[in-house]
file query-v3.pdb (PDB, C-alpha atoms)
ATOM      1  CA  MET S 443     244.173  74.598  83.962
ATOM      2  CA  THR S 444     242.340  77.101  86.082
ATOM      3  CA  ASP S 445     244.443  80.039  87.143
ATOM      4  CA  VAL S 446     244.609  81.114  90.758
ATOM      5  CA  GLU S 447     244.120  84.723  91.708
ATOM      6  CA  ALA S 448     246.761  86.121  94.027
ATOM      7  CA  PRO S 449     245.679  88.130  97.063
ATOM      8  CA  THR S 450     247.391  91.326  95.948
ATOM      9  CA  GLN S 451     247.196  94.577  97.883
ATOM     10  CA  SER S 452     243.445  95.149  98.242
ATOM     11  CA  SER S 453     241.744  98.441  97.529
ATOM     12  CA  GLY S 454     240.904  98.637 101.235
ATOM     13  CA  LEU S 455     244.562  98.409 102.181
ATOM     14  CA  TRP S 456     245.506 101.130  99.706
ATOM     15  CA  SER S 457     242.658 103.374 100.837
ATOM     16  CA  ARG S 458     243.768 103.038 104.471
ATOM     17  CA  ALA S 459     247.330 103.850 103.435
ATOM     18  CA  TRP S 460     246.090 106.946 101.603
ATOM     19  CA  ARG S 461     244.177 108.061 104.695
ATOM     20  CA  ARG S 462     247.322 107.675 106.772
ATOM     21  CA  LEU S 463     249.283 109.710 104.229
ATOM     22  CA  ARG S 464     246.687 112.484 104.206
ATOM     23  CA  ARG S 465     246.924 112.758 107.996
ATOM     24  CA  ASP S 466     250.685 113.293 107.751
ATOM     25  CA  ARG S 467     250.913 117.082 107.436
ATOM     26  CA  ALA S 468     254.637 117.113 106.759
ATOM     27  CA  GLY S 469     254.238 114.454 104.091
ATOM     28  CA  MET S 470     251.386 116.291 102.369
ATOM     29  CA  ALA S 471     253.268 119.595 102.501
ATOM     30  CA  ALA S 472     256.269 117.864 100.955
ATOM     31  CA  LEU S 473     254.015 116.367  98.262
ATOM     32  CA  LEU S 474     252.726 119.864  97.474
ATOM     33  CA  VAL S 475     256.290 121.158  97.062
ATOM     34  CA  VAL S 476     257.184 118.227  94.789
ATOM     35  CA  ALA S 477     254.015 118.800  92.750
ATOM     36  CA  THR S 478     254.951 122.463  92.359
ATOM     37  CA  TYR S 479     258.409 121.527  91.089
ATOM     38  CA  PHE S 480     256.847 119.017  88.693
ATOM     39  CA  ALA S 481     254.466 121.699  87.413
ATOM     40  CA  VAL S 482     257.452 123.947  86.755
ATOM     41  CA  ALA S 483     259.190 121.105  84.886
ATOM     42  CA  CYS S 484     256.026 120.624  82.799
ATOM     43  CA  THR S 485     256.030 124.290  81.774
ATOM     44  CA  VAL S 486     259.581 123.822  80.514
ATOM     45  CA  TRP S 487     258.643 120.622  78.645
ATOM     46  CA  LEU S 488     255.757 122.516  77.018
ATOM     47  CA  GLY S 489     258.050 125.373  76.012
ATOM     48  CA  LEU S 490     256.314 127.913  78.253
ATOM     49  CA  ALA S 491     259.256 128.791  80.506
ATOM     50  CA  GLY S 492     263.026 128.586  80.773
ATOM     51  CA  GLN S 493     263.604 128.532  77.028
ATOM     52  CA  GLY S 494     266.070 131.434  77.046
ATOM     53  CA  TRP S 495     268.486 129.823  79.493
ATOM     54  CA  SER S 496     271.398 129.838  77.018
ATOM     55  CA  ALA S 497     270.862 133.326  75.584
ATOM     56  CA  LEU S 498     273.857 135.599  76.100
ATOM     57  CA  GLY S 499     273.354 139.195  77.194
ATOM     58  CA  ALA S 500     275.336 142.354  77.629
ATOM     59  CA  ASP S 501     274.613 142.650  81.353
ATOM     60  CA  SER S 502     277.337 140.722  83.142
ATOM     61  CA  PHE S 503     276.745 139.970  86.835
ATOM     62  CA  ALA S 504     273.565 142.018  86.813
ATOM     63  CA  PRO S 505     271.768 142.091  90.188
ATOM     64  CA  ALA S 506     268.261 140.777  90.709
ATOM     65  CA  SER S 507     265.688 142.981  88.993
ATOM     66  CA  ALA S 508     262.270 142.908  87.319
ATOM     67  CA  GLU S 509     263.969 141.897  84.069
ATOM     68  CA  HIS S 510     266.281 139.277  85.596
ATOM     69  CA  TRP S 511     264.677 137.940  88.779
ATOM     70  CA  PHE S 512     267.830 136.175  90.001
ATOM     71  CA  GLY S 513     270.338 138.339  88.158
ATOM     72  CA  THR S 514     272.664 137.222  85.380
ATOM     73  CA  THR S 515     275.883 135.222  85.061
ATOM     74  CA  ARG S 516     279.298 136.375  83.881
ATOM     75  CA  ASN S 517     278.081 135.884  80.291
ATOM     76  CA  GLY S 518     274.832 137.752  80.856
ATOM     77  CA  GLN S 519     272.679 134.607  80.971
ATOM     78  CA  ASP S 520     269.478 134.842  82.986
ATOM     79  CA  ILE S 521     269.910 132.817  86.194
ATOM     80  CA  PHE S 522     266.174 132.422  86.761
ATOM     81  CA  ALA S 523     265.690 130.850  83.323
ATOM     82  CA  ARG S 524     268.643 128.528  83.944
ATOM     83  CA  THR S 525     267.238 127.515  87.341
ATOM     84  CA  ILE S 526     263.810 126.783  85.848
ATOM     85  CA  TYR S 527     265.264 124.783  82.972
ATOM     86  CA  SER S 528     267.433 122.804  85.406
ATOM     87  CA  THR S 529     264.251 121.695  87.182
ATOM     88  CA  ARG S 530     263.249 119.885  84.011
ATOM     89  CA  VAL S 531     266.681 118.267  83.768
ATOM     90  CA  ALA S 532     266.456 117.117  87.401
ATOM     91  CA  PHE S 533     263.067 115.484  86.830
ATOM     92  CA  GLU S 534     264.176 113.855  83.589
ATOM     93  CA  ILE S 535     267.199 112.297  85.253
ATOM     94  CA  GLY S 536     265.317 111.398  88.425
ATOM     95  CA  LEU S 537     262.383 109.776  86.625
ATOM     96  CA  VAL S 538     264.470 107.865  84.086
ATOM     97  CA  VAL S 539     266.851 106.495  86.710
ATOM     98  CA  ALA S 540     264.159 105.807  89.328
ATOM     99  CA  ILE S 541     261.806 103.986  86.966
ATOM    100  CA  SER S 542     264.509 102.042  85.137
ATOM    101  CA  SER S 543     266.468 100.959  88.222
ATOM    102  CA  THR S 544     263.267 100.071  90.099
ATOM    103  CA  LEU S 545     262.027  97.875  87.246
ATOM    104  CA  LEU S 546     265.455  96.265  86.944
ATOM    105  CA  GLY S 547     265.639  95.679  90.694
ATOM    106  CA  ALA S 548     262.109  94.243  90.723
ATOM    107  CA  LEU S 549     262.935  91.822  87.916
ATOM    108  CA  PHE S 550     266.237  90.525  89.271
ATOM    109  CA  GLY S 551     265.046  90.631  92.880
ATOM    110  CA  ALA S 552     261.978  88.554  92.028
ATOM    111  CA  LEU S 553     263.997  86.003  90.072
ATOM    112  CA  SER S 554     266.614  85.808  92.803
ATOM    113  CA  GLY S 555     264.043  85.427  95.569
ATOM    114  CA  TYR S 556     261.803  82.937  93.804
ATOM    115  CA  PHE S 557     264.730  80.726  92.817
ATOM    116  CA  ALA S 558     266.624  81.299  96.082
ATOM    117  CA  GLY S 559     269.443  78.795  96.511
ATOM    118  CA  SER S 560     269.652  77.981  92.800
ATOM    119  CA  TRP S 561     272.300  78.994  90.279
ATOM    120  CA  ILE S 562     270.038  81.858  89.171
ATOM    121  CA  ASP S 563     270.026  83.282  92.682
ATOM    122  CA  GLU S 564     273.768  82.804  93.099
ATOM    123  CA  THR S 565     274.497  84.508  89.767
ATOM    124  CA  ILE S 566     272.317  87.527  90.542
ATOM    125  CA  LEU S 567     273.788  87.832  94.051
ATOM    126  CA  TRP S 568     277.286  87.700  92.580
ATOM    127  CA  VAL S 569     276.450  90.453  90.085
ATOM    128  CA  LYS S 570     274.929  92.600  92.848
ATOM    129  CA  GLY S 571     277.937  92.062  95.093
ATOM    130  CA  THR S 572     280.323  92.950  92.298
ATOM    131  CA  LEU S 573     278.475  96.165  91.423
ATOM    132  CA  ASP S 574     278.206  97.182  95.077
ATOM    133  CA  ALA S 575     281.953  96.679  95.488
ATOM    134  CA  ILE S 576     282.800  99.161  92.705
ATOM    135  CA  PRO S 577     283.002 102.794  93.899
ATOM    136  CA  PHE S 578     280.137 104.650  92.236
ATOM    137  CA  PHE S 579     282.072 107.620  90.880
ATOM    138  CA  LEU S 580     284.885 105.390  89.616
ATOM    139  CA  PHE S 581     282.279 103.316  87.785
ATOM    140  CA  VAL S 582     280.740 106.444  86.229
ATOM    141  CA  VAL S 583     284.151 107.606  85.003
ATOM    142  CA  ALA S 584     284.751 104.189  83.437
ATOM    143  CA  VAL S 585     281.341 104.190  81.742
ATOM    144  CA  ALA S 586     281.751 107.763  80.493
ATOM    145  CA  TYR S 587     285.134 106.894  79.025
ATOM    146  CA  ALA S 588     283.804 103.682  77.458
ATOM    147  CA  VAL S 589     280.983 105.475  75.617
ATOM    148  CA  GLN S 590     283.135 108.496  74.747
ATOM    149  CA  GLY S 591     281.145 111.139  76.611
ATOM    150  CA  HIS S 592     277.688 109.972  75.509
ATOM    151  CA  PRO S 593     275.009 112.147  77.213
ATOM    152  CA  LEU S 594     273.312 109.036  78.641
ATOM    153  CA  ALA S 595     276.475 107.647  80.233
ATOM    154  CA  MET S 596     275.522 109.076  83.618
ATOM    155  CA  HIS S 597     271.998 107.622  83.376
ATOM    156  CA  PHE S 598     273.339 104.186  82.493
ATOM    157  CA  ALA S 599     275.848 104.222  85.344
ATOM    158  CA  MET S 600     273.179 105.211  87.883
ATOM    159  CA  ILE S 601     270.689 102.600  86.679
ATOM    160  CA  VAL S 602     273.262  99.809  86.749
ATOM    161  CA  THR S 603     274.375 100.870  90.230
ATOM    162  CA  PHE S 604     271.077 101.760  91.941
ATOM    163  CA  TRP S 605     269.013  98.660  91.102
ATOM    164  CA  THR S 606     270.941  96.478  93.559
ATOM    165  CA  THR S 607     269.332  97.912  96.703
ATOM    166  CA  THR S 608     265.841  97.522  95.280
ATOM    167  CA  GLY S 609     266.698  94.004  94.174
ATOM    168  CA  ARG S 610     267.865  93.098  97.675
ATOM    169  CA  TYR S 611     264.609  94.279  99.276
ATOM    170  CA  VAL S 612     262.449  92.577  96.649
ATOM    171  CA  ARG S 613     264.410  89.337  96.997
ATOM    172  CA  GLY S 614     263.722  89.199 100.727
ATOM    173  CA  GLU S 615     260.019  89.881 100.234
ATOM    174  CA  VAL S 616     259.693  87.303  97.448
ATOM    175  CA  ILE S 617     261.408  84.636  99.560
ATOM    176  CA  LYS S 618     258.657  85.193 102.123
ATOM    177  CA  LEU S 619     255.848  85.263  99.543
ATOM    178  CA  ARG S 620     256.886  82.187  97.556
ATOM    179  CA  ASN S 621     255.967  79.875 100.442
ATOM    180  CA  MET S 622     252.527  81.363 101.030
ATOM    181  CA  GLU S 623     249.344  79.433 100.322
ATOM    182  CA  PHE S 624     248.287  81.294  97.180
ATOM    183  CA  VAL S 625     251.640  80.543  95.519
ATOM    184  CA  GLU S 626     251.446  76.889  96.526
ATOM    185  CA  ALA S 627     247.911  76.730  95.137
ATOM    186  CA  ALA S 628     249.054  78.258  91.851
ATOM    187  CA  ARG S 629     251.795  75.653  91.529
ATOM    188  CA  ALA S 630     249.322  72.868  92.354
ATOM    189  CA  VAL S 631     247.007  73.787  89.481
ATOM    190  CA  GLY S 632     249.883  74.020  87.004
ATOM    191  CA  VAL S 633     250.383  77.772  86.668
ATOM    192  CA  SER S 634     253.698  78.526  84.973
ATOM    193  CA  GLN S 635     256.544  79.901  87.053
ATOM    194  CA  ALA S 636     256.676  83.073  84.962
ATOM    195  CA  SER S 637     252.989  83.697  85.613
ATOM    196  CA  ILE S 638     253.417  83.074  89.334
ATOM    197  CA  ILE S 639     256.319  85.539  89.539
ATOM    198  CA  PHE S 640     254.854  88.356  87.454
ATOM    199  CA  ARG S 641     251.118  87.985  88.145
ATOM    200  CA  HIS S 642     251.024  86.719  91.715
ATOM    201  CA  VAL S 643     254.261  87.537  93.536
ATOM    202  CA  LEU S 644     255.563  90.831  92.139
ATOM    203  CA  PRO S 645     252.266  92.755  92.575
ATOM    204  CA  ASN S 646     252.582  92.116  96.310
ATOM    205  CA  THR S 647     255.901  94.013  96.380
ATOM    206  CA  THR S 648     254.386  97.242  95.027
ATOM    207  CA  HIS S 649     254.698  99.025  98.374
ATOM    208  CA  ILE S 650     258.443  98.327  98.414
ATOM    209  CA  LEU S 651     258.901  99.446  94.810
ATOM    210  CA  LEU S 652     257.058 102.740  95.343
ATOM    211  CA  VAL S 653     259.156 103.690  98.360
ATOM    212  CA  GLN S 654     262.399 102.654  96.664
ATOM    213  CA  ALA S 655     261.527 104.633  93.540
ATOM    214  CA  THR S 656     261.139 107.832  95.577
ATOM    215  CA  ILE S 657     264.445 107.209  97.346
ATOM    216  CA  VAL S 658     266.273 106.507  94.083
ATOM    217  CA  PHE S 659     264.744 109.663  92.560
ATOM    218  CA  VAL S 660     266.351 111.801  95.262
ATOM    219  CA  THR S 661     269.641 109.906  95.073
ATOM    220  CA  ALA S 662     269.790 110.353  91.288
ATOM    221  CA  ILE S 663     269.301 114.114  91.557
ATOM    222  CA  LYS S 664     272.017 114.458  94.201
ATOM    223  CA  ALA S 665     274.369 112.238  92.202
ATOM    224  CA  GLU S 666     273.758 114.309  89.057
ATOM    225  CA  VAL S 667     274.651 117.512  90.896
ATOM    226  CA  ILE S 668     277.908 116.008  92.157
ATOM    227  CA  LEU S 669     278.816 114.455  88.806
ATOM    228  CA  SER S 670     277.998 117.609  86.837
ATOM    229  CA  PHE S 671     280.053 119.622  89.302
ATOM    230  CA  LEU S 672     282.967 117.288  88.560
ATOM    231  CA  GLY S 673     282.371 117.527  84.804
ATOM    232  CA  LEU S 674     281.064 113.950  84.465
ATOM    233  CA  GLY S 675     277.332 114.639  84.339
ATOM    234  CA  VAL S 676     275.239 116.756  81.987
ATOM    235  CA  GLN S 677     277.193 117.521  78.843
ATOM    236  CA  ASP S 678     274.836 119.469  76.564
ATOM    237  CA  GLY S 679     272.546 121.727  78.530
ATOM    238  CA  VAL S 680     272.370 123.104  82.025
ATOM    239  CA  SER S 681     271.659 121.642  85.454
ATOM    240  CA  TRP S 682     271.926 122.685  89.067
ATOM    241  CA  GLY S 683     275.236 120.853  89.261
ATOM    242  CA  LEU S 684     276.637 122.768  86.297
ATOM    243  CA  MET S 685     275.366 126.042  87.739
ATOM    244  CA  ILE S 686     277.143 125.365  91.034
ATOM    245  CA  SER S 687     280.283 124.361  89.161
ATOM    246  CA  GLN S 688     280.222 127.524  87.058
ATOM    247  CA  SER S 689     279.607 129.663  90.131
ATOM    248  CA  THR S 690     282.909 128.697  91.775
ATOM    249  CA  ASN S 691     284.762 131.433  89.901
ATOM    250  CA  GLU S 692     281.884 133.855  90.401
ATOM    251  CA  VAL S 693     281.899 133.400  94.176
ATOM    252  CA  THR S 694     285.535 134.450  94.350
ATOM    253  CA  ALA S 695     284.480 137.617  92.546
ATOM    254  CA  GLY S 696     281.815 138.266  95.177
ATOM    255  CA  PHE S 697     278.801 137.226  93.067
ATOM    256  CA  PHE S 698     276.676 134.559  94.782
ATOM    257  CA  ASN S 699     273.388 134.642  92.823
ATOM    258  CA  ASN S 700     274.174 131.643  90.604
ATOM    259  CA  PHE S 701     275.326 129.517  93.533
ATOM    260  CA  ILE S 702     272.420 130.451  95.805
ATOM    261  CA  ALA S 703     269.742 129.907  93.131
ATOM    262  CA  ALA S 704     270.950 126.416  92.200
ATOM    263  CA  SER S 705     271.669 125.345  95.783
ATOM    264  CA  VAL S 706     268.337 126.507  97.203
ATOM    265  CA  ALA S 707     266.348 124.986  94.313
ATOM    266  CA  MET S 708     268.094 121.642  94.719
ATOM    267  CA  PHE S 709     267.877 121.689  98.529
ATOM    268  CA  MET S 710     264.139 122.354  98.584
ATOM    269  CA  LEU S 711     263.319 119.577  96.095
ATOM    270  CA  VAL S 712     265.588 117.026  97.772
ATOM    271  CA  MET S 713     264.270 117.805 101.256
ATOM    272  CA  ALA S 714     260.651 117.700 100.068
ATOM    273  CA  PHE S 715     261.182 114.330  98.395
ATOM    274  CA  ASN S 716     262.920 112.984 101.499
ATOM    275  CA  PHE S 717     259.957 114.010 103.698
ATOM    276  CA  PHE S 718     257.514 112.563 101.176
ATOM    277  CA  ALA S 719     259.466 109.295 100.946
ATOM    278  CA  ASP S 720     259.389 108.956 104.751
ATOM    279  CA  ALA S 721     255.657 109.669 104.852
ATOM    280  CA  LEU S 722     255.001 107.227 102.019
ATOM    281  CA  GLN S 723     257.034 104.528 103.743
ATOM    282  CA  ASP S 724     255.037 104.987 106.961
ATOM    283  CA  ALA S 725     251.724 105.010 105.092
ATOM    284  CA  LEU S 726     252.524 101.840 103.150
ATOM    285  CA  ASP S 727     253.933  99.914 106.123
ATOM    286  CA  PRO S 728     251.580  96.908 106.259
ATOM    287  CA  ARG S 729     251.843  96.650 110.048
ATOM    288  CA  LYS S 730     250.919 100.281 110.610
ATOM    289  CA  VAL S 731     248.137 100.131 108.043
ATOM    290  CA  GLU S 732     246.618  97.100 109.744
ATOM    291  CA  GLU S 733     246.883  98.752 113.165
ATOM    292  CA  ALA S 734     245.046 101.809 111.865
ATOM    293  CA  SER S 735     242.223  99.741 110.329
TER     294      SER S 735
END

call {"tool": "encode", "arguments": {"input": "query-v3.pdb", "output": "structure tokens"}}
result
Amino acid sequence: MTDVEAPTQSSGLWSRAWRRLRRDRAGMAALLVVATYFAVACTVWLGLAGQGWSALGADSFAPASAEHWFGTTRNGQDIFARTIYSTRVAFEIGLVVAISSTLLGALFGALSGYFAGSWIDETILWVKGTLDAIPFFLFVVAVAYAVQGHPLAMHFAMIVTFWTTTGRYVRGEVIKLRNMEFVEAARAVGVSQASIIFRHVLPNTTHILLVQATIVFVTAIKAEVILSFLGLGVQDGVSWGLMISQSTNEVTAGFFNNFIAASVAMFMLVMAFNFFADALQDALDPRKVEEAS
């Protein structure tokens, strides 16, 4: 049987979306900030920076200086090195959770939407409803206890929880796409259902998946900070959440460097990603792209 090519997002549509994004000054500025953070994370991955984050020193609560740019902690650890290394941790958690939950949401959302009204759809909707009904932090505690403090417990809990929103959006889009002419033509020539879903339908949800991935990235970073602050997040290492948690006793002693460094670093990345996600959503909005063409 002859396969039928799906009318996926054309290069012209993507180029117009890119032009819209480039005209968004706030979005491009936010992208520059995110790229800078990513570059910092890459230097840590390559072993060029932040490697001495755990080294203990004799200077306790040292002020900011040429030797210690952000000062030191109670144990003499360099706050700047810990802040830089935490950037890597934030990107690792954000990327793993965003990519995994987006792929999971795309898969289940596509299956649910394509087979809407069937037992497959009902099962997936029931699973999504059940997961959405469980309080997130209670679920993380349960997962952490079940795997006995495994370092990936937090990642697993986020992925299992965050895919439901993506799946809901993809389901709605697939329900609309499955009745379009190119899908009907593919069925008529005998294309398998799996091929229709993964080669013809899912590629047309790319704009949704990209936006959702950026949103989940930010949500994962914020959730990690909260969970690490509560002692349920990063176990072996350092993160902005752990730095804020450790600074609670330091603040009472009048030393704010640890708290300020972690809070400002997290705030700037989260705000930049939020602005970029908004700009990306506007640029990829099919209605706005068509109006601009």

call {"tool": "closest_atom_pairs", "arguments": {"input": "query-v3.pdb", "of": "stretch 489-528 of chain S", "to": "stretch 672-689 of chain S", "cutoff": "12 Å", "atoms": "only C-alpha atoms", "output": "tab-separated table"}}
result
residue	atom	partner	partner_atom	distance
S:Gly492	CA	S:Val680	CA	10.9
S:Gln493	CA	S:Gly679	CA	11.3
S:Gly494	CA	S:Val680	CA	11.6
S:Trp495	CA	S:Val680	CA	8.2
S:Ser496	CA	S:Gly679	CA	8.3
S:Phe503	CA	S:Ser689	CA	11.2
S:Thr514	CA	S:Ser689	CA	11.3
S:Thr515	CA	S:Ser689	CA	8.4
S:Arg516	CA	S:Ser689	CA	9.2
S:Asn517	CA	S:Gln688	CA	11.0
S:Gln519	CA	S:Met685	CA	11.2
S:Asp520	CA	S:Met685	CA	11.6
S:Ile521	CA	S:Met685	CA	8.8
S:Phe522	CA	S:Met685	CA	11.2
S:Ala523	CA	S:Val680	CA	10.3
S:Arg524	CA	S:Val680	CA	6.9
S:Thr525	CA	S:Trp682	CA	6.9
S:Ile526	CA	S:Ser681	CA	9.4
S:Tyr527	CA	S:Val680	CA	7.4
S:Ser528	CA	S:Ser681	CA	4.4

call {"tool": "resolve_selection", "arguments": {"input": "query-v3.pdb", "expression": "the PyMOL selection byres ((chain S and resi 620) around 10)", "output": "number ranges by chain"}}
result
S: 552, 555-558, 615-619, 621-626, 638-639, 642-643

call {"tool": "write_last_selection", "arguments": {"input": "query-v3.pdb", "atoms": "C-alpha atoms", "output": "compact mmCIF listing (two decimals), in the coordinates of the input"}}
result
# COMPACT_ATOMS: atom_id res chain seq x y z
CA ALA S 552 261.98 88.55 92.03
CA GLY S 555 264.04 85.43 95.57
CA TYR S 556 261.80 82.94 93.80
CA PHE S 557 264.73 80.73 92.82
CA ALA S 558 266.62 81.30 96.08
CA GLU S 615 260.02 89.88 100.23
CA VAL S 616 259.69 87.30 97.45
CA ILE S 617 261.41 84.64 99.56
CA LYS S 618 258.66 85.19 102.12
CA LEU S 619 255.85 85.26 99.54
CA ASN S 621 255.97 79.88 100.44
CA MET S 622 252.53 81.36 101.03
CA GLU S 623 249.34 79.43 100.32
CA PHE S 624 248.29 81.29 97.18
CA VAL S 625 251.64 80.54 95.52
CA GLU S 626 251.45 76.89 96.53
CA ILE S 638 253.42 83.07 89.33
CA ILE S 639 256.32 85.54 89.54
CA HIS S 642 251.02 86.72 91.72
CA VAL S 643 254.26 87.54 93.54

call {"tool": "closest_residue", "arguments": {"input": "query-v3.pdb", "among": "S:Thr690, S:Gly499, S:Leu669, S:Met600", "to": "S:Gly513", "atoms": "only C-alpha atoms"}}
result
S:Gly499

call {"tool": "closest_residue", "arguments": {"input": "query-v3.pdb", "among": "S:Ala506, S:Arg629, S:Thr529, S:Ile650", "to": "S:Met710", "atoms": "all atoms listed in the file"}}
result
S:Thr529

call {"tool": "atom_distance", "arguments": {"input": "query-v3.pdb", "atom1": "atom CA of S:Val582", "atom2": "atom CA of S:Ala548"}}
result
22.7 Å

call {"tool": "closest_residue", "arguments": {"input": "query-v3.pdb", "among": "S:Tyr479, S:Phe512, S:Phe579, S:Phe698", "to": "S:Arg530", "atoms": "only C-alpha atoms"}}
result
S:Tyr479

call {"tool": "resolve_selection", "arguments": {"input": "query-v3.pdb", "expression": "the PyMOL selection byres ((chain S and resi 462) around 9)", "output": "short mmCIF file (atom, residue, chain, number, x, y, z; two decimals) with C-alpha atoms, in the coordinates of the input"}}
result
data_model
loop_
_atom_site.label_atom_id
_atom_site.label_comp_id
_atom_site.auth_asym_id
_atom_site.auth_seq_id
_atom_site.Cartn_x
_atom_site.Cartn_y
_atom_site.Cartn_z
CA SER S 457 242.66 103.37 100.84
CA ARG S 458 243.77 103.04 104.47
CA ALA S 459 247.33 103.85 103.44
CA TRP S 460 246.09 106.95 101.60
CA ARG S 461 244.18 108.06 104.70
CA LEU S 463 249.28 109.71 104.23
CA ARG S 464 246.69 112.48 104.21
CA ARG S 465 246.92 112.76 108.00
CA ASP S 466 250.68 113.29 107.75
CA ALA S 721 255.66 109.67 104.85
CA ASP S 724 255.04 104.99 106.96
CA ALA S 725 251.72 105.01 105.09
CA LEU S 726 252.52 101.84 103.15
CA VAL S 731 248.14 100.13 108.04
CA ALA S 734 245.05 101.81 111.86
#

call {"tool": "atom_distance", "arguments": {"input": "query-v3.pdb", "atom1": "atom CA of S:Ser554", "atom2": "atom CA of S:Thr648"}}
result
16.9 Å

call {"tool": "atom_distance", "arguments": {"input": "query-v3.pdb", "atom1": "atom CA of S:His592", "atom2": "atom CA of S:Thr544"}}
result
22.8 Å

call {"tool": "closest_residue", "arguments": {"input": "query-v3.pdb", "among": "S:Ala703, S:Val693, S:Ala665, S:Val602", "to": "S:Leu573", "atoms": "all atoms listed in the file"}}
result
S:Val602

call {"tool": "closest_residue", "arguments": {"input": "query-v3.pdb", "among": "S:Ala477, S:Leu545, S:Leu711, S:Ala483", "to": "S:Phe640", "atoms": "only C-alpha atoms"}}
result
S:Leu545

call {"tool": "closest_residue", "arguments": {"input": "query-v3.pdb", "among": "S:Ala599, S:Ala588, S:Leu553, S:Ala719", "to": "S:Leu644", "atoms": "all atoms listed in the file"}}
result
S:Leu553

call {"tool": "residues_near_point", "arguments": {"input": "query-v3.pdb", "point": "(272.4, 114.0, 94.9)", "cutoff": "12 Å", "atoms": "all atoms listed in the file", "output": "PyMOL selection string"}}
result
chain S and resi 532+535-536+600+657-671+675+682-683+705+708-709+711-713+715-716

call {"tool": "write_last_selection", "arguments": {"input": "query-v3.pdb", "atoms": "C-alpha atoms", "output": "PDB file, keeping the file's coordinate frame"}}
result
ATOM      1  CA  ALA S 532     266.456 117.117  87.401  1.00  0.00           C
ATOM      2  CA  ILE S 535     267.199 112.297  85.253  1.00  0.00           C
ATOM      3  CA  GLY S 536     265.317 111.398  88.425  1.00  0.00           C
ATOM      4  CA  MET S 600     273.179 105.211  87.883  1.00  0.00           C
ATOM      5  CA  ILE S 657     264.445 107.209  97.346  1.00  0.00           C
ATOM      6  CA  VAL S 658     266.273 106.507  94.083  1.00  0.00           C
ATOM      7  CA  PHE S 659     264.744 109.663  92.560  1.00  0.00           C
ATOM      8  CA  VAL S 660     266.351 111.801  95.262  1.00  0.00           C
ATOM      9  CA  THR S 661     269.641 109.906  95.073  1.00  0.00           C
ATOM     10  CA  ALA S 662     269.790 110.353  91.288  1.00  0.00           C
ATOM     11  CA  ILE S 663     269.301 114.114  91.557  1.00  0.00           C
ATOM     12  CA  LYS S 664     272.017 114.458  94.201  1.00  0.00           C
ATOM     13  CA  ALA S 665     274.369 112.238  92.202  1.00  0.00           C
ATOM     14  CA  GLU S 666     273.758 114.309  89.057  1.00  0.00           C
ATOM     15  CA  VAL S 667     274.651 117.512  90.896  1.00  0.00           C
ATOM     16  CA  ILE S 668     277.908 116.008  92.157  1.00  0.00           C
ATOM     17  CA  LEU S 669     278.816 114.455  88.806  1.00  0.00           C
ATOM     18  CA  SER S 670     277.998 117.609  86.837  1.00  0.00           C
ATOM     19  CA  PHE S 671     280.053 119.622  89.302  1.00  0.00           C
ATOM     20  CA  GLY S 675     277.332 114.639  84.339  1.00  0.00           C
ATOM     21  CA  TRP S 682     271.926 122.685  89.067  1.00  0.00           C
ATOM     22  CA  GLY S 683     275.236 120.853  89.261  1.00  0.00           C
ATOM     23  CA  SER S 705     271.669 125.345  95.783  1.00  0.00           C
ATOM     24  CA  MET S 708     268.094 121.642  94.719  1.00  0.00           C
ATOM     25  CA  PHE S 709     267.877 121.689  98.529  1.00  0.00           C
ATOM     26  CA  LEU S 711     263.319 119.577  96.095  1.00  0.00           C
ATOM     27  CA  VAL S 712     265.588 117.026  97.772  1.00  0.00           C
ATOM     28  CA  MET S 713     264.270 117.805 101.256  1.00  0.00           C
ATOM     29  CA  PHE S 715     261.182 114.330  98.395  1.00  0.00           C
ATOM     30  CA  ASN S 716     262.920 112.984 101.499  1.00  0.00           C
TER      31      ASN S 716
END

call {"tool": "residues_near_point", "arguments": {"input": "query-v3.pdb", "point": "(254.3, 113.2, 103.5)", "cutoff": "7 Å", "atoms": "all atoms listed in the file", "output": "PyMOL selection string"}}
result
chain S and resi 463+466-473+717-722

call {"tool": "build_atoms", "arguments": {"input": "query-v3.pdb", "residues": "stretch 606-612 of chain S", "atoms": "N, CA and C atoms", "output": "CSV table (one decimal), keeping the file's coordinate frame"}}
result
chain,number,residue,atom,x,y,z
S,606,THR,N,270.6,97.6,92.6
S,606,THR,CA,270.9,96.5,93.6
S,606,THR,C,270.2,96.6,94.9
S,607,THR,N,270.0,97.8,95.4
S,607,THR,CA,269.3,97.9,96.7
S,607,THR,C,267.9,97.5,96.6
S,608,THR,N,267.2,97.9,95.5
S,608,THR,CA,265.8,97.5,95.3
S,608,THR,C,265.8,96.0,95.1
S,609,GLY,N,266.7,95.4,94.4
S,609,GLY,CA,266.7,94.0,94.2
S,609,GLY,C,266.9,93.2,95.5
S,610,ARG,N,267.6,93.8,96.4
S,610,ARG,CA,267.9,93.1,97.7
S,610,ARG,C,266.6,93.1,98.5
S,611,TYR,N,265.9,94.2,98.5
S,611,TYR,CA,264.6,94.3,99.3
S,611,TYR,C,263.5,93.4,98.7
S,612,VAL,N,263.5,93.4,97.3
S,612,VAL,CA,262.4,92.6,96.6
S,612,VAL,C,262.8,91.1,96.8
